[in-house]
Every structure is written in structure tokens, then in C-alpha cells.
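Peer 1: Below is one structure. I have some questions about it.
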Amino acid sequence: MTDILVPKLNSNDTAYLVVAWLAADGRAVRAGEAIVELETSKTVEELTAEHDGVLRHALAEGAECAPGQVIARLSLGEEPAPGVASPAAAEGERAATVVITRPAQALMAERGITLEEVHALGKKVVTTDDLDPDLIHLSRTQRRVAAVVEESHAAIPAAFTAMRVDVTDALSHARVLSRRDRVLIGVPELVVKAAGSLVEKFPLCFATPVSGRSARRAGAAHVGVTVDLGNGMFVPVLRDATGRPTAELAADLARYRRTALNGTFTEADLSGANILLALHPDDGVILATPIVYPGHTCALSLTAPRQETDGRRVVTLGLAYDHRFLNGRDAAAFLGALAAALRAPITLS
Amino acid sequence: MTDVADARQSAAREGAVQGPAPRVAEHLNRALHDLLEADPDLHVLGEDITDPYGGAFKITKGLSTRFGDRVRSTPISEGAITGVGAGLALAGAKAIVEIMFADFVTLAFDQLANFAAKSTAMYGRPVPVPLIVRCPSGGNRGYGATHSQSPQKHFIGIPGLRVYELTPFHDATRLLAGMLEQGLPCLLFEDKVLYTRRMFEAGPLFRVGFAGRGAYPGDEVARVSLDGGGEPDCTLIVPGGVAHRALAAAEDLLMEHEVVCEILVPSRLHPLPELLPASRHVVVAEESTAGGTWGADVAAALHSRMWPALRKPVTLVSSADSVIPAAAHLEREVLLQPGDIRRAVLETVT
């Protein structure tokens, strides 16, 4: 059995028309005998049989065919020509009625899913989703988080230091500011502002790594703050925490929280940070390790305030840092400076 | 959504199809026959368009035999032919002018921009100028730098001038009749790669419908969507000449990457019809070389109308910023290919 393929008849057309079969289906033909007429956009050409045999049409008159496609089959010598009802032909016909994507085909092979089972789905297009309804797909937002986390873990050798920080005075100062500026200010807003004030003193904490050996100094702190209100985690950026007052930063964060709830972040909201502040506001959390964003040297984490036995209110402030640029001593110094600012919050407004 | 079956039925009524749909060239030729037969005031002008040659791409085949001196072969002057066509239209007749290759329509720019387009509004009252200038455009055929261009973008934004492009989904008789009905001069670009393709066909995976009704017959935006595919991941917006490349990309994106695309194919490029993407990722692909493209106009319109609904700015794909080479392998590198569209979609949705 040999396949008769449609030859390339010209370079302009992508398909030709089967005008007429010159030899009927199932007829014995001789080598060199014309068997079918194909029409191009310019002319009609005949195809001939290459050897003696019994002809089986693979396409009907009026059908389109492309160069390289099987137009007919020719049996060799005495070999019986398979009838149209052969299992192979029936299978081919059925396969044409359902489209299975390449990933879905791979899954069929992996799981031993048969074509029968796929046909039983009764769908025209079968994707991996159809074959594996138990698959939970990550949201676009989470896939973006995944990509960032993967990159961070692959590229940044991070270490971590945490510090217990007394925020009793910071909380009362925040209440005063909230009343005065008519915007909700809490410990996170004060941490952002405190970080902003430390750019000159700790240039490496805000710098952008250029290579393994150098990092570019930043003029101001742009703090990416994690916001997750159940619709996925986003890291919008509080711009210029160095130059702008706490009330403005707080207003921006409030706007970002509203956006996370029922809006769409723009590219501008999410880009340009040089340090991350991961918020863990849930009760009972005492320690959390943030990931260092690719392009940053460190990331802060902050828990909710909790009451100690002496009545003081404290938080845990953590710092994950790229150990190529910062050491434990730097981390402790940076956290210490933040803690000092929160203990004497009068400067943070 | 009206099905393309309507258009196919009307084509069938014309006796054009039994079995496979007609090739685009035959379909367009049939449309010209029908329009000339229906309207004794219609004239067709162009270089070498009369029988037995019947035009460089045979689109005017048989017209001169049937309709005599209403179909005229003209001297080789695109400015003169277009001016005569506009003059006929201004004087109460109607004209369809064929520019042999769209590249040469630059020679008629003054007649189009300063005469035909202006005439509609310079006489103290609106004056109809029912003129169609047909321009076989595009490359991928190895014709070289001056016979392969897509100059649509140079005619966008001329008041009084409308720019159309032939598509494999819009019935040509309706489209051309709708253009003449408007009484404004219209350019019709016809990507040469379409001529040998079949009308109305989008392959086994996709179905073609029309989103809404147009202002004039043939103005509707064709929407090609995956049969039973649900909400698309990405919307491709392409002129008619790129439709098959977009289909090839969409098929590959589905089969290899399980990314579902819909394709919007407007027949009118300017002024823009209302384009309504069903997804939040939009890619506009065109064959024009880079810079000052139609896609930039589409992007600006979509950005101002649906910025909050878009996940990211509209992605633009075009041919490279290059003179088009004649050698096939070099031409392929410059001109828009299905792979360029596929890459742009993948970068956009991930």
C-alpha cells in the first residue's frame, strides 16, 4: 500500500481543488495512468499512478487539498486494498471530528486515557482542562507571584534576621496623626516613612544590584507594600517615602487597598520599588520571612502589634537580605535604626 | 451575531458556489460583474484591465467583453486615472479605478487627498463622490521593494477619504455596493495573497460571525472565534490580508499552548469601526512596515475607551522597519509572519 501525495504544483497556492477522479474508487489502475484532476488558481493538472495497483480515494471530488496531503492510496500487487470501513479509516474519520491539543495528547499518553474516553466527553476541542477537571489552575496574579518567587529563590542567596520592636509610643503617635491628617495611619505607614528616612544612612538596603560586585545607589526610598485582600497578592509601590509626608503615603496605601478590593492595578502602580515591606497583619503571627524581590537587596516583614506581659505593645520586624550585599551586622543595624525611629516616632510625620 | 452562512447563501444565490466556496479573486470578479450589471452609471478604469488580459490579477476578467466601453484600459498614469474616476463621480456617475499595484497609488495621492476627498465638501453643499480606488497590496510573493508594500497607513486620517481592506469574510458585492452608497471616495486595499484563498473559510476549528450591524453594508466587523471555546484569552485585531496568518497563529496557540484567541477582522480601516474585544488582552497585527501604523490608531482608540478593562496596553505587531527585499528568504524576515503573531500573543498573555 503506498500513499499518493499531492505534489507542489506552483508556489502561489496553498491549496488545490480536486476537480474530478479519472479512476473510480476501488478500480485497478496501471502505472502512468491519469487518476485525478487538480485545479490550481491558474490551470488544471493531472496526477498519474506510479505503479500498478488498486486505487483507493482519500478525498472526494470538490475537496481542497494541500501539497503533501494524501489524496489516494494504491495497493501493491496482490495485497488486498482495505475497505473504507476498516478500523483504521473509521478511527481517522472520528479523529477528524475532535481536536485534541498537543498538551492534552501528552496527558492522554501519560495517563493512558483512550480515544474512546476522549470522544465520550462529547467536546469538539479537548484541552488538558477537559481531561483533568481536578486540576486547580493558578490565577494570573498568582502565576506572576510564582514567577517572581522562583526568580528570587534561584538568583538571590538570602539570609534573615528578626527584631522585636516596641511600638507602644508609635501607636499613640499614629492615632494623633490619623486624627490630624484624617487618614488611617498605623505601624505599617510609620515603618514606610522610617525606612524612607534611612536611605542615606543605609544606601545598600535601597540600592539596585548592577552585578555581583556593585549596586546603584537610590535617591529616595520607593517602598513596595504587599496588599492581599483575598483577590490575590499585589505589591503596589509607595513612591518617594523619603520626601513625602506620612499622610500622603497613607492616602496612597488606602487607595491601593481599595484597588485591591475592587479595581485593577496599573503597571505604574506596581513598578519602581527598591525595597519591599511584607505585611502580616493577622493575629498570632509572630514571625514571617519575606522574599527579596529580584532587583532589590533586602525586604522587610512586619507583624501585627501584640501585647507583652508588661503591657507594652510590640511587633516583629524581619529583614531578609541578599547576603552578597549585606551581612548580619548590616541587617541588625538597619532594623535597629528602624526600631529607634519607631520608639521615638515624633520625627515620623 | 449573524452567521457567515448568510453571506455564503447570498453568494450561492449568485450562482457562484456549488461545493467549495469561490476563490477570493473569482468572488471579487463576480462582484464587479454584478455591480456593473445592476448600475448602468458605473464605470471601471485601470491599466490593462480589458479582455483578453483582464487585469494583472484577472479581477476584471470578462468585464470589458460584457459591458463594453464602461470598462476601459487606460494609459499608464495613476494620477490621471484617479482624477478621471473622481471627475466621473463628481459629475453624477460612479467609478471604480484599479491601481495595478498598491505601491503606485502614491502617484494618485494628490488626486485622492486634494481633489476627490475635498470635492465632497467644497461646493457649499455636500456633493457625493462615489469612487472606489482598488489597490492590490502586500508582499510575501517575492515581487520586490516597489510591488509588495502595504501603504494603507499613508491614507489614514484624510477627512472625506475612507480606507477599506478586502477580507475573506465580507461578501464583496455588499462591501463594494456599501462603499459606493456612501458617496465618499474610498480606497480598497486587496492583499494579493488573498486572491487564491477561498472565501468565508476559517478552518475546522473556528467559526465566523459578525459583531453587530455596520453603518453601511459590508461595514460589519467579522469575529472569528473558536467553536465551543468559551471566553478567549486574547483578541487579535487584523485587517483582511492578515486574516489567514492570524488564523494560523491562533490554531497553533490553541494546539500547542492552549491559548484561546478570537480574531476581529474589520473591513473598514478608517474611520475605525467600533471594535469590541471579548478578552482583556489585545494584539493588533498588520503587514505595514513599522512606524505610524494603523495599529497605533487602533491602540489609541482602545486605550481611551477601555483602558481600565485591559490587563496591559495593546500589543502592536507589524513588518520590520525595512525596505522589502525581493529574495524570498529575506522578504520573510521583514514581512509579518504567523510566528510573529504567535510570539506577540504569548508575550501578551503571560
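Residue numbering restarts at 1 for every chain of the C-alpha cells, chains are lettered A, B, ... in their displayed order, and ligands are numbered from 1 as they appear.
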Assign secondary structure with DSSP using the backbone only, and return the residues of range 27-261 of chain B in strand (DSSP E or B) as a compact mmCIF listing (two decimals) with C-alpha atoms, in the first residue's frame.
Peer 2:
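Now in result.txt:
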```txt
# COMPACT_ATOMS: atom_id res chain seq x y z
CA LEU B 42 -20.87 52.61 -13.07
CA HIS B 43 -17.52 52.71 -14.88
CA VAL B 44 -14.35 50.71 -14.33
CA LEU B 45 -10.96 52.18 -15.26
CA GLY B 46 -7.45 50.80 -15.00
CA VAL B 71 -14.76 49.24 -18.78
CA ARG B 72 -11.65 50.97 -20.12
CA SER B 73 -7.95 50.24 -20.25
CA LYS B 94 -19.82 56.22 -10.38
CA ALA B 95 -16.32 54.88 -10.86
CA ILE B 96 -14.11 52.03 -9.77
CA VAL B 97 -10.43 52.57 -10.52
CA GLU B 98 -7.86 49.79 -10.42
CA LEU B 131 -15.46 56.48 -6.23
CA ILE B 132 -13.61 53.29 -5.29
CA VAL B 133 -9.88 53.02 -5.90
CA ARG B 134 -8.83 49.36 -5.74
CA CYS B 135 -5.23 48.67 -4.72
CA PRO B 136 -3.73 45.15 -4.80
CA SER B 137 -1.28 45.36 -1.90
CA ARG B 162 -12.37 56.20 3.64
CA VAL B 163 -9.94 53.32 3.75
CA TYR B 164 -11.10 49.70 3.40
CA GLU B 165 -9.38 46.37 3.09
CA CYS B 186 -12.99 55.02 -0.81
CA LEU B 187 -9.71 53.17 -1.12
CA LEU B 188 -9.98 49.38 -1.15
CA PHE B 189 -6.74 47.56 -0.39
CA GLU B 190 -6.67 43.94 -1.52
CA ASP B 191 -3.85 41.81 -0.13
CA ARG B 198 -11.31 30.65 -0.59
CA PHE B 206 -13.18 28.33 14.05
CA ARG B 207 -16.50 29.85 13.18
CA VAL B 208 -17.08 33.24 11.61
CA GLY B 209 -19.80 35.65 12.65
CA PHE B 210 -20.39 39.36 12.52
CA ALA B 211 -20.48 41.56 15.60
CA VAL B 221 -16.64 43.63 11.91
CA ALA B 222 -16.10 39.90 11.34
CA ARG B 223 -15.49 37.95 14.54
CA VAL B 224 -13.69 34.62 14.20
CA SER B 225 -14.00 32.55 17.33
CA LEU B 226 -13.12 29.07 18.48
CA CYS B 234 -6.60 37.10 23.70
CA THR B 235 -8.21 39.21 20.96
CA LEU B 236 -6.36 39.58 17.68
CA ILE B 237 -7.36 42.55 15.54
CA CYS B 261 -7.81 33.56 20.58
```
Peer 1: Starting from chain A, keep only residues with some atom at most 12 Å from an atom of chain B, counting only C-alpha atoms, and report them as an MDAnalysis selection string.
Peer 2: chainID A and resid 10:19 39:42 60:66 96:106 122:130 139:144 147 259 262:268
Peer 1: As a ChimeraX atom specification, please: every residue in range 111-215 of chain B that DSSP puts in alpha helix (DSSP H).
Peer 2: /B:117-119,172-182
Peer 1: Selection from above, N, CA and C atoms, as an mmCIF file, in the first residue's frame, can you write it?
Peer 2:
```cif
data_model
loop_
_atom_site.group_PDB
_atom_site.id
_atom_site.type_symbol
_atom_site.label_atom_id
_atom_site.label_comp_id
_atom_site.auth_asym_id
_atom_site.auth_seq_id
_atom_site.Cartn_x
_atom_site.Cartn_y
_atom_site.Cartn_z
ATOM 1 N N ALA B 117 -11.220 63.721 -2.151
ATOM 2 C CA ALA B 117 -11.696 63.846 -0.767
ATOM 3 C C ALA B 117 -12.253 65.241 -0.501
ATOM 4 N N LYS B 118 -11.609 66.265 -1.054
ATOM 5 C CA LYS B 118 -12.051 67.638 -0.800
ATOM 6 C C LYS B 118 -13.361 67.964 -1.525
ATOM 7 N N SER B 119 -13.552 67.346 -2.704
ATOM 8 C CA SER B 119 -14.716 67.695 -3.521
ATOM 9 C C SER B 119 -16.034 67.437 -2.806
ATOM 10 N N ALA B 172 -18.083 40.536 -1.126
ATOM 11 C CA ALA B 172 -17.526 41.669 -1.869
ATOM 12 C C ALA B 172 -18.604 42.520 -2.538
ATOM 13 N N THR B 173 -19.684 41.901 -2.990
ATOM 14 C CA THR B 173 -20.749 42.682 -3.644
ATOM 15 C C THR B 173 -21.370 43.660 -2.653
ATOM 16 N N ARG B 174 -21.668 43.167 -1.460
ATOM 17 C CA ARG B 174 -22.242 44.036 -0.417
ATOM 18 C C ARG B 174 -21.253 45.136 -0.055
ATOM 19 N N LEU B 175 -19.980 44.728 0.108
ATOM 20 C CA LEU B 175 -18.954 45.680 0.534
ATOM 21 C C LEU B 175 -18.811 46.810 -0.472
ATOM 22 N N LEU B 176 -18.650 46.463 -1.756
ATOM 23 C CA LEU B 176 -18.444 47.486 -2.786
ATOM 24 C C LEU B 176 -19.702 48.341 -2.956
ATOM 25 N N ALA B 177 -20.882 47.705 -2.904
ATOM 26 C CA ALA B 177 -22.139 48.459 -3.025
ATOM 27 C C ALA B 177 -22.258 49.439 -1.858
ATOM 28 N N GLY B 178 -21.888 48.987 -0.667
ATOM 29 C CA GLY B 178 -21.937 49.849 0.515
ATOM 30 C C GLY B 178 -20.990 51.021 0.389
ATOM 31 N N MET B 179 -19.821 50.790 -0.181
ATOM 32 C CA MET B 179 -18.847 51.863 -0.362
ATOM 33 C C MET B 179 -19.374 52.921 -1.334
ATOM 34 N N LEU B 180 -19.968 52.462 -2.447
ATOM 35 C CA LEU B 180 -20.498 53.411 -3.433
ATOM 36 C C LEU B 180 -21.674 54.189 -2.856
ATOM 37 N N GLU B 181 -22.465 53.514 -2.022
ATOM 38 C CA GLU B 181 -23.666 54.115 -1.438
ATOM 39 C C GLU B 181 -23.318 55.323 -0.550
ATOM 40 N N GLN B 182 -22.128 55.312 0.041
ATOM 41 C CA GLN B 182 -21.751 56.384 0.967
ATOM 42 C C GLN B 182 -21.507 57.715 0.285
#
```
Peer 1: Mind checking which residues fall within 8 Å of Val187 in chain A, counting only C-alpha atoms, ignoring those fewer than 5 positions away in the same chain, and posting them as a list in words?
Peer 2: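 Residues near the query, excluding close chain neighbours: Val167, Ala170, Leu171 and Ala174 of chain A.
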Peer 1: Grab the residues selected above and save them as a short mmCIF file (atom, residue, chain, number, x, y, z; two decimals), in the first residue's frame with N, CA and C atoms.
Peer 2:
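After the write, part.cif holds the following:
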```cif
data_model
loop_
_atom_site.label_atom_id
_atom_site.label_comp_id
_atom_site.auth_asym_id
_atom_site.auth_seq_id
_atom_site.Cartn_x
_atom_site.Cartn_y
_atom_site.Cartn_z
N VAL A 167 6.38 49.22 69.91
CA VAL A 167 5.65 50.22 69.11
C VAL A 167 4.58 50.92 69.96
N ALA A 170 4.75 54.48 69.17
CA ALA A 170 4.42 54.64 67.76
C ALA A 170 2.91 54.57 67.54
N LEU A 171 2.23 53.65 68.28
CA LEU A 171 0.78 53.50 68.12
C LEU A 171 0.04 54.75 68.57
N ALA A 174 0.61 57.39 66.01
CA ALA A 174 -0.18 57.11 64.80
C ALA A 174 -1.62 57.57 64.98
#
```
Peer 1: For Ile156 in chain B, please output as a count of residues only all residues within 9 Å (counting only C-alpha atoms; exclusion window: fewer than 3 positions along the same chain).
Peer 2: 11
Peer 1: Rank nothing, just name the residue among B:Glu331, B:Asp321, B:Glu274, B:Asp233 nearest to Gly292 in chain B, using only C-alpha atoms.
Peer 2: B:Asp321
Peer 1: Can you tell me, as an MDAnalysis selection string, what residues are no more than 8 Å from Val284 in chain B when counting only C-alpha atoms, ignoring any on the same chain fewer than 3 positions away?
Peer 2: chainID B and resid 236:238 295 298:299 314:317
Peer 1: Please save N, CA and C atoms of the selected residues as a compact mmCIF listing (two decimals), in the first residue's frame.
Peer 2:
```txt
# COMPACT_ATOMS: atom_id res chain seq x y z
N LEU B 236 -7.22 39.11 18.76
CA LEU B 236 -6.36 39.58 17.68
C LEU B 236 -7.18 40.48 16.79
N ILE B 237 -6.67 41.67 16.47
CA ILE B 237 -7.36 42.55 15.54
C ILE B 237 -6.47 42.68 14.31
N VAL B 238 -7.00 42.27 13.16
CA VAL B 238 -6.17 42.28 11.95
C VAL B 238 -7.00 42.73 10.75
N GLY B 295 -2.29 50.09 13.36
CA GLY B 295 -2.42 49.50 14.69
C GLY B 295 -2.29 50.55 15.79
N VAL B 298 -5.57 52.07 16.17
CA VAL B 298 -6.48 51.15 16.87
C VAL B 298 -6.17 51.17 18.37
N ALA B 299 -4.88 51.09 18.70
CA ALA B 299 -4.47 51.06 20.11
C ALA B 299 -4.92 52.33 20.82
N VAL B 314 -2.30 47.62 24.56
CA VAL B 314 -2.45 46.86 23.32
C VAL B 314 -1.07 46.58 22.73
N THR B 315 -0.84 45.34 22.32
CA THR B 315 0.45 44.96 21.71
C THR B 315 0.35 45.15 20.20
N LEU B 316 1.34 45.82 19.62
CA LEU B 316 1.33 46.04 18.17
C LEU B 316 2.39 45.17 17.49
N VAL B 317 1.98 44.53 16.39
CA VAL B 317 2.93 43.77 15.58
C VAL B 317 2.80 44.24 14.14
```
